[in-house]
file start26.txt (compact mmCIF, C-alpha atoms and all ligand atoms)
# COMPACT_ATOMS: atom_id res chain seq x y z
CA MET A 1 -104.83 103.47 10.85
CA VAL A 2 -104.57 105.25 7.49
CA ASP A 3 -107.03 108.08 6.91
CA PHE A 4 -107.87 107.60 3.25
CA GLY A 5 -109.71 110.92 3.23
CA VAL A 6 -106.35 112.59 3.92
CA VAL A 7 -104.69 110.46 1.23
CA ARG A 8 -107.32 111.61 -1.26
CA GLY A 9 -106.54 115.22 -0.34
CA GLU A 10 -103.02 114.72 -1.75
CA PHE A 11 -104.45 114.51 -5.29
CA PRO A 12 -105.07 118.04 -6.55
CA ILE A 13 -106.81 116.92 -9.75
CA LEU A 14 -109.67 115.38 -7.78
CA ASP A 15 -110.63 118.74 -6.34
CA GLN A 16 -112.61 119.98 -9.32
CA ARG A 17 -116.07 119.96 -10.83
CA VAL A 18 -116.88 118.31 -14.16
CA HIS A 19 -120.09 119.29 -15.96
CA GLY A 20 -121.12 121.05 -12.76
CA HIS A 21 -120.63 117.99 -10.53
CA PRO A 22 -117.77 117.07 -8.20
CA LEU A 23 -115.39 114.83 -10.17
CA VAL A 24 -115.76 111.13 -9.43
CA TYR A 25 -112.75 109.42 -10.97
CA LEU A 26 -113.38 105.71 -11.51
CA ASP A 27 -110.87 105.07 -14.29
CA SER A 28 -107.67 104.24 -12.41
CA ALA A 29 -107.21 101.00 -14.37
CA ALA A 30 -106.56 103.18 -17.43
CA THR A 31 -104.29 105.55 -15.56
CA ALA A 32 -104.02 106.61 -11.93
CA GLN A 33 -103.98 110.20 -10.75
CA LYS A 34 -100.80 111.59 -9.19
CA PRO A 35 -100.21 112.76 -5.61
CA GLN A 36 -98.61 116.16 -5.05
CA ALA A 37 -95.29 114.53 -4.00
CA VAL A 38 -94.97 112.88 -7.43
CA ILE A 39 -96.01 116.03 -9.30
CA ASP A 40 -93.47 118.10 -7.34
CA VAL A 41 -90.47 115.84 -7.72
CA GLU A 42 -90.37 116.09 -11.52
CA SER A 43 -90.16 119.87 -11.51
CA GLU A 44 -87.73 119.76 -8.58
CA PHE A 45 -85.50 117.44 -10.62
CA TYR A 46 -85.53 119.82 -13.59
CA ARG A 47 -84.89 122.85 -11.37
CA THR A 48 -81.92 121.31 -9.54
CA ILE A 49 -80.07 118.28 -10.92
CA ASN A 50 -81.22 117.59 -14.49
CA ALA A 51 -78.49 115.81 -16.48
CA GLY A 52 -77.98 112.64 -18.48
CA VAL A 53 -77.25 109.56 -16.37
CA HIS A 54 -74.21 107.28 -16.45
CA ARG A 55 -72.36 109.79 -18.59
CA GLY A 56 -70.16 112.75 -18.03
CA ALA A 57 -67.93 113.45 -15.09
CA HIS A 58 -69.72 116.59 -13.92
CA GLU A 59 -71.53 117.08 -10.65
CA LEU A 60 -75.07 117.22 -12.03
CA ALA A 61 -74.52 114.00 -13.98
CA ALA A 62 -73.39 112.31 -10.77
CA LEU A 63 -76.40 113.62 -8.83
CA SER A 64 -78.93 112.63 -11.50
CA THR A 65 -77.32 109.18 -11.82
CA GLU A 66 -77.62 108.73 -8.07
CA ALA A 67 -81.27 109.83 -8.12
CA PHE A 68 -82.00 107.49 -11.03
CA GLU A 69 -80.39 104.47 -9.40
CA THR A 70 -82.00 105.27 -6.04
CA ALA A 71 -85.37 105.32 -7.80
CA ARG A 72 -84.64 101.92 -9.33
CA ALA A 73 -83.92 100.61 -5.84
CA LYS A 74 -87.17 102.09 -4.47
CA VAL A 75 -89.15 100.40 -7.22
CA ALA A 76 -87.29 97.13 -6.56
CA LYS A 77 -88.22 97.36 -2.89
CA LEU A 78 -91.91 97.73 -3.73
CA VAL A 79 -91.93 94.41 -5.61
CA GLY A 80 -89.39 92.36 -3.65
CA ALA A 81 -86.64 92.55 -6.29
CA ASP A 82 -82.88 92.87 -5.83
CA SER A 83 -81.23 96.23 -6.43
CA GLU A 84 -77.68 95.84 -5.17
CA GLU A 85 -75.10 96.98 -7.69
CA GLY A 86 -74.31 94.10 -10.02
CA HIS A 87 -77.47 92.25 -9.01
CA GLU A 88 -80.15 94.66 -10.23
CA GLU A 89 -83.36 92.97 -11.31
CA ILE A 90 -85.32 96.02 -12.47
CA VAL A 91 -85.01 97.31 -16.03
CA VAL A 92 -86.40 100.72 -16.94
CA THR A 93 -88.76 100.60 -19.91
CA ALA A 94 -91.22 102.96 -21.56
CA GLY A 95 -94.13 101.06 -19.97
CA ALA A 96 -95.68 97.61 -19.71
CA THR A 97 -96.24 97.37 -23.44
CA ALA A 98 -92.60 98.23 -24.10
CA GLY A 99 -91.41 95.72 -21.47
CA LEU A 100 -93.47 92.90 -22.97
CA ASN A 101 -92.27 93.77 -26.48
CA LEU A 102 -88.70 93.88 -25.16
CA LEU A 103 -89.08 90.29 -23.97
CA ALA A 104 -90.78 89.02 -27.12
CA THR A 105 -88.11 90.69 -29.28
CA ALA A 106 -85.27 89.36 -27.12
CA PHE A 107 -86.72 85.82 -27.25
CA GLY A 108 -86.97 86.27 -31.03
CA ASN A 109 -83.32 87.36 -31.16
CA ALA A 110 -82.33 84.29 -29.12
CA SER A 111 -84.28 82.20 -31.64
CA LEU A 112 -82.00 83.63 -34.35
CA GLY A 113 -79.00 82.39 -32.40
CA ARG A 114 -78.14 85.77 -30.90
CA GLY A 115 -76.81 85.99 -27.35
CA GLY A 116 -74.71 82.85 -27.47
CA GLU A 117 -75.19 79.59 -25.59
CA ALA A 118 -76.80 81.14 -22.48
CA ALA A 119 -79.58 82.73 -24.55
CA GLN A 120 -80.65 79.39 -26.02
CA ARG A 121 -83.00 78.78 -23.10
CA PHE A 122 -85.21 81.52 -24.66
CA ALA A 123 -84.98 80.23 -28.25
CA LEU A 124 -88.12 79.04 -30.04
CA LYS A 125 -88.52 76.86 -33.10
CA PRO A 126 -91.41 75.26 -35.00
CA GLY A 127 -93.18 72.77 -32.74
CA ASP A 128 -92.46 74.77 -29.57
CA GLU A 129 -95.40 76.36 -27.78
CA ILE A 130 -96.14 79.76 -26.26
CA VAL A 131 -99.02 79.84 -23.78
CA VAL A 132 -101.15 82.90 -22.97
CA SER A 133 -104.77 83.23 -21.80
CA LYS A 134 -108.01 84.56 -23.20
CA ALA A 135 -107.97 87.20 -20.47
CA GLU A 136 -104.84 88.90 -21.80
CA HIS A 137 -104.55 92.56 -22.61
CA HIS A 138 -103.49 93.01 -26.24
CA SER A 139 -100.09 94.10 -24.88
CA VAL A 140 -99.46 90.48 -23.90
CA LEU A 141 -101.40 88.70 -26.63
CA LEU A 142 -99.98 90.52 -29.65
CA PRO A 143 -96.21 90.55 -28.90
CA PHE A 144 -96.31 86.81 -28.13
CA GLN A 145 -98.59 86.04 -31.09
CA GLU A 146 -96.07 87.87 -33.29
CA LEU A 147 -93.20 85.96 -31.66
CA ALA A 148 -94.99 82.70 -32.51
CA ALA A 149 -95.44 83.86 -36.11
CA ARG A 150 -91.77 84.83 -36.41
CA THR A 151 -90.37 81.62 -34.95
CA GLY A 152 -92.92 79.07 -36.17
CA ALA A 153 -93.94 78.27 -32.59
CA THR A 154 -97.60 77.53 -31.80
CA LEU A 155 -99.69 79.87 -29.68
CA ARG A 156 -101.90 78.12 -27.13
CA TRP A 157 -104.06 79.63 -24.39
CA PHE A 158 -105.87 79.10 -21.14
CA ASP A 159 -109.64 79.26 -21.41
CA LEU A 160 -111.75 81.13 -18.87
CA SER A 161 -114.42 80.01 -16.42
CA GLU A 162 -117.93 81.36 -16.87
CA ASP A 163 -117.14 84.33 -14.64
CA GLY A 164 -113.94 85.09 -16.54
CA ARG A 165 -111.26 83.56 -14.33
CA ILE A 166 -108.22 81.93 -15.97
CA ARG A 167 -108.68 78.16 -15.67
CA ALA A 168 -105.58 77.46 -13.57
CA ASP A 169 -106.97 73.97 -12.95
CA THR A 170 -106.15 73.11 -16.58
CA ALA A 171 -102.44 74.03 -16.27
CA ASN A 172 -101.24 70.45 -16.72
CA GLU A 173 -103.03 70.11 -20.07
CA VAL A 174 -102.47 73.60 -21.49
CA ILE A 175 -98.75 73.73 -20.59
CA THR A 176 -96.95 70.78 -22.17
CA PRO A 177 -93.33 69.63 -22.42
CA ARG A 178 -93.22 71.62 -25.70
CA THR A 179 -94.09 74.90 -23.92
CA LYS A 180 -91.18 77.35 -23.84
CA VAL A 181 -92.89 80.56 -22.71
CA VAL A 182 -95.98 81.21 -20.57
CA ALA A 183 -97.22 84.82 -20.46
CA ILE A 184 -100.18 85.51 -18.21
CA THR A 185 -101.79 88.46 -16.50
CA HIS A 186 -101.74 88.70 -12.71
CA VAL A 187 -105.02 90.62 -12.67
CA SER A 188 -107.41 91.12 -15.58
CA ASN A 189 -107.91 94.75 -16.54
CA VAL A 190 -111.52 93.86 -17.47
CA THR A 191 -112.84 91.47 -14.83
CA GLY A 192 -110.56 92.51 -11.97
CA ALA A 193 -110.00 88.80 -11.22
CA VAL A 194 -106.70 87.86 -9.60
CA THR A 195 -105.15 84.87 -11.36
CA GLU A 196 -104.41 81.76 -9.32
CA LEU A 197 -100.76 81.86 -10.28
CA ALA A 198 -99.19 79.10 -8.18
CA PRO A 199 -100.29 76.04 -10.23
CA ILE A 200 -99.52 77.82 -13.53
CA VAL A 201 -96.05 78.96 -12.47
CA ALA A 202 -95.26 75.53 -10.98
CA ARG A 203 -96.32 73.75 -14.17
CA ALA A 204 -94.38 76.20 -16.36
CA HIS A 205 -91.24 75.54 -14.37
CA GLU A 206 -91.87 71.79 -14.30
CA VAL A 207 -91.61 71.73 -18.11
CA GLY A 208 -88.70 74.21 -18.16
CA ALA A 209 -90.70 77.14 -19.59
CA VAL A 210 -90.06 80.80 -18.82
CA PHE A 211 -92.92 82.48 -16.94
CA VAL A 212 -93.76 86.10 -17.83
CA LEU A 213 -96.22 88.03 -15.66
CA ASP A 214 -98.25 91.06 -16.73
CA ALA A 215 -98.25 92.88 -13.40
CA CYS A 216 -99.90 96.10 -14.65
CA GLN A 217 -103.04 95.69 -12.61
CA SER A 218 -101.53 94.05 -9.54
CA VAL A 219 -98.56 96.24 -8.54
CA PRO A 220 -100.77 99.30 -7.82
CA HIS A 221 -103.29 97.36 -5.73
CA MET A 222 -101.68 94.67 -3.58
CA PRO A 223 -98.46 93.63 -1.83
CA ILE A 224 -96.16 92.06 -4.42
CA ASP A 225 -93.06 89.94 -4.02
CA PHE A 226 -91.85 88.59 -7.35
CA HIS A 227 -89.38 86.25 -5.65
CA ALA A 228 -92.15 84.70 -3.57
CA LEU A 229 -94.38 84.41 -6.66
CA ASP A 230 -91.43 82.69 -8.37
CA VAL A 231 -92.08 84.43 -11.70
CA ASP A 232 -89.20 84.83 -14.15
CA PHE A 233 -90.16 88.19 -15.66
CA ALA A 234 -92.84 90.77 -14.88
CA ALA A 235 -93.81 93.98 -16.67
CA TRP A 236 -95.82 96.95 -15.48
CA SER A 237 -96.29 100.70 -15.99
CA ALA A 238 -95.49 103.56 -13.63
CA HIS A 239 -98.56 105.60 -14.60
CA LYS A 240 -100.96 103.09 -13.05
CA MET A 241 -99.06 103.21 -9.73
CA TYR A 242 -99.37 106.98 -9.22
CA GLY A 243 -96.21 107.72 -11.19
CA PRO A 244 -95.66 109.48 -14.52
CA THR A 245 -96.62 108.29 -17.98
CA GLY A 246 -93.93 107.18 -20.40
CA VAL A 247 -92.05 104.86 -18.05
CA GLY A 248 -92.46 101.37 -16.74
CA PHE A 249 -90.41 98.52 -15.37
CA LEU A 250 -89.44 95.01 -16.28
CA TYR A 251 -88.50 92.67 -13.47
CA GLY A 252 -86.27 89.77 -14.44
CA ARG A 253 -84.64 87.11 -12.29
CA ARG A 254 -81.02 88.20 -12.27
CA GLU A 255 -79.63 85.01 -13.78
CA LEU A 256 -82.21 85.24 -16.62
CA LEU A 257 -81.48 88.91 -17.30
CA GLU A 258 -77.81 87.95 -17.58
CA ALA A 259 -78.65 85.31 -20.20
CA LEU A 260 -81.14 87.44 -22.17
CA PRO A 261 -79.91 89.05 -25.41
CA PRO A 262 -80.67 92.74 -25.95
CA ALA A 263 -83.76 93.83 -27.85
CA SER A 264 -82.90 97.37 -28.81
CA PHE A 265 -79.55 98.79 -29.66
CA GLY A 266 -77.82 102.14 -29.33
CA GLY A 267 -76.07 104.33 -26.83
CA SER A 268 -75.55 103.48 -23.15
CA MET A 269 -75.87 99.71 -23.56
CA VAL A 270 -72.55 98.84 -25.13
CA GLU A 271 -69.14 98.18 -23.59
CA LEU A 272 -67.17 98.12 -26.85
CA ALA A 273 -68.22 98.91 -30.42
CA TRP A 274 -66.19 98.49 -33.58
CA MET A 275 -66.76 98.92 -37.30
CA ASP A 276 -65.76 95.40 -38.23
CA GLN A 277 -66.60 93.28 -35.18
CA PRO A 278 -69.78 92.63 -33.22
CA ALA A 279 -70.29 94.92 -30.25
CA GLN A 280 -69.82 93.76 -26.69
CA TYR A 281 -72.87 94.62 -24.62
CA MET A 282 -73.05 95.77 -21.02
CA GLU A 283 -74.40 93.72 -18.16
CA PRO A 284 -78.08 94.12 -17.17
CA PRO A 285 -79.88 96.38 -16.57
CA ALA A 286 -77.90 98.75 -18.87
CA ARG A 287 -77.95 96.16 -21.68
CA PHE A 288 -81.71 96.68 -21.97
CA GLU A 289 -81.74 100.46 -21.56
CA ALA A 290 -80.47 101.76 -24.89
CA GLY A 291 -80.72 105.52 -25.41
CA THR A 292 -81.18 108.47 -23.09
CA GLN A 293 -83.31 107.51 -20.11
CA PRO A 294 -86.48 109.32 -18.93
CA VAL A 295 -84.63 110.27 -15.76
CA ALA A 296 -87.10 112.73 -14.19
CA GLN A 297 -89.95 110.28 -14.75
CA VAL A 298 -88.04 107.36 -13.23
CA VAL A 299 -87.13 109.49 -10.22
CA ALA A 300 -90.82 110.40 -9.83
CA ALA A 301 -91.83 106.74 -10.16
CA GLY A 302 -89.42 105.99 -7.32
CA VAL A 303 -91.19 108.61 -5.19
CA ALA A 304 -94.53 107.00 -6.11
CA ALA A 305 -93.22 103.58 -5.03
CA ASP A 306 -92.08 104.93 -1.64
CA TRP A 307 -95.35 106.85 -1.25
CA MET A 308 -97.32 103.63 -1.74
CA ARG A 309 -95.13 101.69 0.68
CA GLU A 310 -95.57 104.41 3.30
CA ILE A 311 -99.36 104.01 3.13
CA GLY A 312 -98.82 100.26 3.11
CA MET A 313 -99.85 97.93 0.31
CA GLU A 314 -101.93 95.84 2.74
CA ASN A 315 -103.84 98.99 3.72
CA ILE A 316 -104.33 100.00 0.08
CA ALA A 317 -105.61 96.50 -0.77
CA ALA A 318 -108.06 96.51 2.16
CA HIS A 319 -109.33 99.99 1.31
CA GLU A 320 -109.99 99.15 -2.32
CA HIS A 321 -111.48 95.78 -1.38
CA ALA A 322 -114.21 97.54 0.60
CA ILE A 323 -115.02 99.76 -2.39
CA ALA A 324 -115.03 96.74 -4.72
CA GLY A 325 -117.74 95.26 -2.48
CA GLU A 326 -119.82 98.39 -2.98
CA LEU A 327 -119.26 98.50 -6.75
CA LEU A 328 -120.41 94.89 -7.04
CA HIS A 329 -123.91 96.10 -6.11
CA LEU A 330 -124.02 97.19 -9.75
CA GLY A 331 -125.07 93.58 -10.34
CA ASP A 332 -128.22 94.17 -8.22
CA ILE A 333 -129.51 96.80 -10.67
CA GLU A 334 -132.08 95.48 -13.10
CA GLY A 335 -130.60 94.89 -16.57
CA VAL A 336 -127.01 95.21 -15.36
CA ARG A 337 -124.65 92.28 -15.70
CA ILE A 338 -121.17 92.12 -14.19
CA LEU A 339 -118.48 90.69 -16.46
CA GLY A 340 -116.27 88.79 -14.08
CA PRO A 341 -116.49 87.46 -10.55
CA ALA A 342 -119.59 88.84 -8.84
CA ASP A 343 -118.17 88.12 -5.37
CA ASP A 344 -115.40 90.07 -3.73
CA HIS A 345 -112.76 87.41 -3.18
CA ASP A 346 -109.55 87.29 -5.23
CA ARG A 347 -110.40 90.40 -7.16
CA ILE A 348 -109.48 94.05 -7.20
CA GLY A 349 -111.81 97.04 -7.46
CA THR A 350 -112.05 96.87 -11.25
CA VAL A 351 -115.62 96.03 -12.20
CA ALA A 352 -116.76 95.73 -15.82
CA PHE A 353 -120.47 95.70 -16.52
CA ASP A 354 -122.99 95.63 -19.32
CA VAL A 355 -126.26 97.54 -19.31
CA SER A 356 -128.78 95.55 -21.30
CA GLY A 357 -129.88 97.35 -24.47
CA VAL A 358 -127.60 100.38 -23.99
CA HIS A 359 -124.32 100.74 -25.86
CA PRO A 360 -121.33 101.38 -23.56
CA HIS A 361 -120.61 104.68 -25.33
CA ASP A 362 -124.09 105.89 -24.42
CA VAL A 363 -123.64 104.66 -20.85
CA GLY A 364 -120.29 106.44 -20.63
CA GLN A 365 -121.70 109.71 -21.91
CA PHE A 366 -124.70 109.59 -19.57
CA ILE A 367 -122.40 108.88 -16.62
CA ASP A 368 -119.88 111.54 -17.68
CA ALA A 369 -122.62 114.18 -17.75
CA GLN A 370 -122.81 113.62 -13.97
CA GLY A 371 -119.08 114.17 -13.50
CA ILE A 372 -118.28 110.46 -13.22
CA ALA A 373 -115.35 109.10 -15.24
CA ILE A 374 -115.51 105.44 -16.23
CA ARG A 375 -113.95 103.64 -19.19
CA VAL A 376 -116.04 102.25 -22.04
CA GLY A 377 -114.98 100.09 -24.98
CA HIS A 378 -113.08 96.82 -25.20
CA HIS A 379 -110.29 97.98 -22.86
CA CYS A 380 -107.65 96.51 -25.23
CA ALA A 381 -108.87 93.02 -24.40
CA GLN A 382 -111.18 91.81 -27.15
CA PRO A 383 -110.98 88.03 -26.55
CA VAL A 384 -112.27 88.33 -22.99
CA HIS A 385 -115.20 90.40 -24.26
CA ARG A 386 -115.93 87.74 -26.88
CA HIS A 387 -115.93 85.22 -24.02
CA PHE A 388 -118.85 87.17 -22.53
CA GLY A 389 -120.57 87.45 -25.94
CA LEU A 390 -119.88 91.19 -26.18
CA TYR A 391 -117.64 93.55 -28.10
CA ALA A 392 -117.44 96.29 -25.47
CA SER A 393 -118.35 97.04 -21.87
CA ASN A 394 -118.35 99.71 -19.18
CA ARG A 395 -115.63 99.58 -16.54
CA ALA A 396 -115.32 101.25 -13.15
CA SER A 397 -111.99 100.94 -11.38
CA THR A 398 -110.63 102.09 -8.05
CA GLY A 399 -107.48 103.70 -6.76
CA VAL A 400 -106.13 104.60 -3.36
CA TYR A 401 -108.17 107.86 -3.45
CA THR A 402 -111.50 106.25 -4.36
CA SER A 403 -114.21 106.57 -1.69
CA ILE A 404 -117.33 104.59 -0.94
CA GLU A 405 -119.24 107.75 -1.90
CA ASP A 406 -117.64 107.57 -5.37
CA ALA A 407 -118.95 104.03 -5.79
CA GLN A 408 -122.38 105.07 -4.52
CA ALA A 409 -122.51 107.96 -6.97
CA LEU A 410 -121.88 105.52 -9.81
CA LEU A 411 -124.55 103.09 -8.55
CA GLU A 412 -127.07 105.91 -8.37
CA ALA A 413 -126.24 107.07 -11.91
CA VAL A 414 -126.34 103.56 -13.41
CA LYS A 415 -129.78 103.01 -11.88
CA HIS A 416 -131.13 105.67 -14.25
CA VAL A 417 -129.32 104.67 -17.45
CA ARG A 418 -131.97 102.38 -18.88
CA GLU A 419 -134.94 104.60 -18.11
CA PHE A 420 -133.12 107.52 -19.79
CA PHE A 421 -132.38 105.61 -23.01
CA GLU A 422 -135.75 103.82 -23.10
CA ARG A 423 -137.68 107.07 -23.06
N1 LIG B 501 -101.62 94.94 -19.35
C1 LIG B 501 -102.69 95.31 -18.63
C2 LIG B 501 -103.41 94.29 -17.81
C3 LIG B 501 -103.12 96.64 -18.67
O1 LIG B 501 -104.19 97.01 -17.96
C4 LIG B 501 -102.40 97.57 -19.45
C5 LIG B 501 -102.85 99.03 -19.54
N2 LIG B 501 -104.20 99.17 -19.83
C6 LIG B 501 -101.29 97.15 -20.17
C7 LIG B 501 -100.93 95.82 -20.09
C8 LIG B 501 -100.48 98.06 -21.02
O2 LIG B 501 -99.95 99.09 -20.27
P1 LIG B 501 -99.35 100.40 -20.98
O3 LIG B 501 -100.40 100.87 -21.93
O4 LIG B 501 -99.11 101.34 -19.86
O5 LIG B 501 -98.10 99.99 -21.68
call {"tool": "encode", "arguments": {"input": "start26.txt", "output": "structure tokens", "more": "lines below"}}
Ligand code: PMP
result
Amino acid sequence: MVDFGVVRGEFPILDQRVHGHPLVYLDSAATAQKPQAVIDVESEFYRTINAGVHRGAHELAALSTEAFETARAKVAKLVGADSEEGHEEIVVTAGATAGLNLLATAFGNASLGRGGEAAQRFALKPGDEIVVSKAEHHSVLLPFQELAARTGATLRWFDLSEDGRIRADTANEVITPRTKVVAITHVSNVTGAVTELAPIVARAHEVGAVFVLDACQSVPHMPIDFHALDVDFAAWSAHKMYGPTGVGFLYGRRELLEALPPASFGGSMVELAWMDQPAQYMEPPARFEAGTQPVAQVVAAGVAADWMREIGMENIAAHEHAIAGELLHLGDIEGVRILGPADDHDRIGTVAFDVSGVHPHDVGQFIDAQGIAIRVGHHCAQPVHRHFGLYASNRASTGVYTSIEDAQALLEAVKHVREFFER
């Protein structure tokens, strides 16, 4: 039995007062706080083994390379990916946004004929289709919208049910034999709804399309096995899974990574370079990791991955599920509407809500004055807000350290929002 009170105690930042109140941090969907083990490992790395990886014959370079590759393996283990040498399925990126742009750029390069015969499975041309959903974060929508514009492909999308779920039941109509790429979120960063992936992935593969998953809001909150989910690629950020900012990961099925052309070019990704001949690129994952890597941050992300697995992803999911149930009582408050599923099945503890007649920025400020941190705005997902007839909303979101008392503090504060602004 995990004592989540003890887990919370591992987060030094939570032990402070804000505006005279104990901090209640309900903004983990934006970024998660870091446990002491993650904070410590970065400085330990810089104090002991800091060096560039995969370069140089000196001892520190060997030690930092080993730490870097061990971290990659730890991250792979968290998500059910391969990490044996020569079979690595995890690419280090600068974050989810960077990973999704890497894919869209690489598919665009394939469309220009780059990457040879093998890369043609990613090539797009006019008449081909790219499918997303109305629930996408702009980090999915925009790279693939741009890819469509660059290649002449058509962008299509899944509509949402009234409570904001992606209409997986329409997969056979939305995904057609012309579909080449399907890019969908696993969990909405606004509604907290978990996407019913199986019929969408199955249909994508039936028509020979590549399936890209935005796993930003699922990896931190539930057990994940990308092989079992049968997705082709998945992108997420370390900072939402208790790791550092500035790094993220891209999962790719090994055989697809081997066929994918590079998206950015420079040092550390090339086998042979000449003045008068095209370069010969390295095998994945190095082919996609041009430039000097954020080694300390990757090592710390590896520690975060192990830290989560030690608590147990099933335990984390169950803990946050209970808090989600409490947060959903927001919907019982007069004038408060939940944007997304109002019941607690197939959702995480991210709950967006609207307070009738009060702008989210006012709500956020009123709540902040009581030491409670929530996110307000469109959360980089404008189409899903339009679906609910709004431009912006308020969003509370949980992490492993969130307590029922945190949720109750928010409920109590929200109860008084309207009376305060109606005075
Ligand atoms: N997708 C989703 C669902 C997200 O919640 C986020 C972060 N808000 C992103 C993509 C982008 O992540 P990052 O800003 O870390 O690149």
call {"tool": "residues_around", "arguments": {"input": "start26.txt", "residues": "Ile316 (chain A)", "least_positions_apart": "3", "cutoff": "9 Å", "atoms": "all atoms listed in the file", "output": "list in words"}}
result
Phe4, Pro220, His221, Met222, Pro223, Met308, Ile311, Gly312, Met313, His319, Glu320, His321, Gly399 and Val400 of chain A
call {"tool": "residues_near_ligand", "arguments": {"input": "start26.txt", "ligand": "ligand LIG 501 (chain B)", "cutoff": "7 Å", "atoms": "only C-alpha atoms and all ligand atoms", "output": "list in words"}}
result
Ala29, Ala30, Gly95, Ala96, Thr97, Ala98, Glu136, His137, Ser139, Val140, Thr185, Val187, Ser188, Asn189, Asp214, Ala215, Cys216, Gln217, Trp236, Ser237, His239, His379 and Cys380 of chain A
call {"tool": "residues_near_point", "arguments": {"input": "start26.txt", "point": "(-83.9, 94.7, -32.6)", "cutoff": "10 Å", "atoms": "only C-alpha atoms", "output": "number ranges by chain"}}
result
A: 102, 105-106, 108-109, 261-265
call {"tool": "write_last_selection", "arguments": {"input": "start26.txt", "atoms": "C-alpha atoms", "output": "PDB file, in the frame of the given file"}}
result
ATOM      1  CA  LEU A 102     -88.700  93.880 -25.160  1.00  0.00           C
ATOM      2  CA  THR A 105     -88.110  90.690 -29.280  1.00  0.00           C
ATOM      3  CA  ALA A 106     -85.270  89.360 -27.120  1.00  0.00           C
ATOM      4  CA  GLY A 108     -86.970  86.270 -31.030  1.00  0.00           C
ATOM      5  CA  ASN A 109     -83.320  87.360 -31.160  1.00  0.00           C
ATOM      6  CA  PRO A 261     -79.910  89.050 -25.410  1.00  0.00           C
ATOM      7  CA  PRO A 262     -80.670  92.740 -25.950  1.00  0.00           C
ATOM      8  CA  ALA A 263     -83.760  93.830 -27.850  1.00  0.00           C
ATOM      9  CA  SER A 264     -82.900  97.370 -28.810  1.00  0.00           C
ATOM     10  CA  PHE A 265     -79.550  98.790 -29.660  1.00  0.00           C
TER      11      PHE A 265
END
call {"tool": "closest_atom_pairs", "arguments": {"input": "start26.txt", "of": "region 202-299 of chain A", "to": "region 38-51 of chain A", "cutoff": "8 Å", "atoms": "all atoms listed in the file", "output": "CSV"}}
result
residue,atom,partner,partner_atom,distance
A:Tyr242,CA,A:Val38,CA,7.6
A:Gly243,CA,A:Val38,CA,6.5
A:Pro244,CA,A:Val38,CA,7.9
A:Ala296,CA,A:Glu42,CA,5.4
A:Gln297,CA,A:Glu42,CA,6.7
A:Val299,CA,A:Glu42,CA,7.5
call {"tool": "closest_residue", "arguments": {"input": "start26.txt", "among": "A:Ser356, A:Gln370, A:Thr65, A:Thr402", "to": "His21 (chain A)", "atoms": "all atoms listed in the file"}}
result
A:Gln370
call {"tool": "atom_distance", "arguments": {"input": "start26.txt", "atom1": "CA of Val363 (chain A)", "atom2": "CA of Arg418 (chain A)"}}
result
8.9 Å
call {"tool": "closest_atom_pairs", "arguments": {"input": "start26.txt", "of": "region 297-339 of chain A", "to": "region 382-397 of chain A", "cutoff": "10 Å", "atoms": "all atoms listed in the file", "output": "JSON lines"}}
result
{"residue": "A:Glu320", "atom": "CA", "partner": "A:Ser397", "partner_atom": "CA", "distance": 9.4}
{"residue": "A:Ile323", "atom": "CA", "partner": "A:Ser397", "partner_atom": "CA", "distance": 9.6}
{"residue": "A:Ala324", "atom": "CA", "partner": "A:Ser397", "partner_atom": "CA", "distance": 8.4}
{"residue": "A:Leu327", "atom": "CA", "partner": "A:Ala396", "partner_atom": "CA", "distance": 8.0}
{"residue": "A:Ile338", "atom": "CA", "partner": "A:Asn394", "partner_atom": "CA", "distance": 9.5}
{"residue": "A:Leu339", "atom": "CA", "partner": "A:Phe388", "partner_atom": "CA", "distance": 7.0}
call {"tool": "write_last_selection", "arguments": {"input": "start26.txt", "atoms": "C-alpha atoms", "output": "short mmCIF file (atom, residue, chain, number, x, y, z; two decimals), in the coordinates of the input"}}
result
data_model
loop_
_atom_site.label_atom_id
_atom_site.label_comp_id
_atom_site.auth_asym_id
_atom_site.auth_seq_id
_atom_site.Cartn_x
_atom_site.Cartn_y
_atom_site.Cartn_z
CA GLU A 320 -109.99 99.15 -2.32
CA ILE A 323 -115.02 99.76 -2.39
CA ALA A 324 -115.03 96.74 -4.72
CA LEU A 327 -119.26 98.50 -6.75
CA ILE A 338 -121.17 92.12 -14.19
CA LEU A 339 -118.48 90.69 -16.46
#
call {"tool": "residues_around", "arguments": {"input": "start26.txt", "residues": "Thr398 (chain A)", "least_positions_apart": "6", "cutoff": "9 Å", "atoms": "only C-alpha atoms", "output": "ChimeraX atom specification"}}
result
/A:25-29,32,320,323-324,348-351,407
call {"tool": "write_last_selection", "arguments": {"input": "start26.txt", "atoms": "C-alpha atoms", "output": "mmCIF file, keeping the file's coordinate frame"}}
result
data_model
loop_
_atom_site.group_PDB
_atom_site.id
_atom_site.type_symbol
_atom_site.label_atom_id
_atom_site.label_comp_id
_atom_site.auth_asym_id
_atom_site.auth_seq_id
_atom_site.Cartn_x
_atom_site.Cartn_y
_atom_site.Cartn_z
ATOM 1 C CA TYR A 25 -112.750 109.420 -10.970
ATOM 2 C CA LEU A 26 -113.380 105.710 -11.510
ATOM 3 C CA ASP A 27 -110.870 105.070 -14.290
ATOM 4 C CA SER A 28 -107.670 104.240 -12.410
ATOM 5 C CA ALA A 29 -107.210 101.000 -14.370
ATOM 6 C CA ALA A 32 -104.020 106.610 -11.930
ATOM 7 C CA GLU A 320 -109.990 99.150 -2.320
ATOM 8 C CA ILE A 323 -115.020 99.760 -2.390
ATOM 9 C CA ALA A 324 -115.030 96.740 -4.720
ATOM 10 C CA ILE A 348 -109.480 94.050 -7.200
ATOM 11 C CA GLY A 349 -111.810 97.040 -7.460
ATOM 12 C CA THR A 350 -112.050 96.870 -11.250
ATOM 13 C CA VAL A 351 -115.620 96.030 -12.200
ATOM 14 C CA ALA A 407 -118.950 104.030 -5.790
#
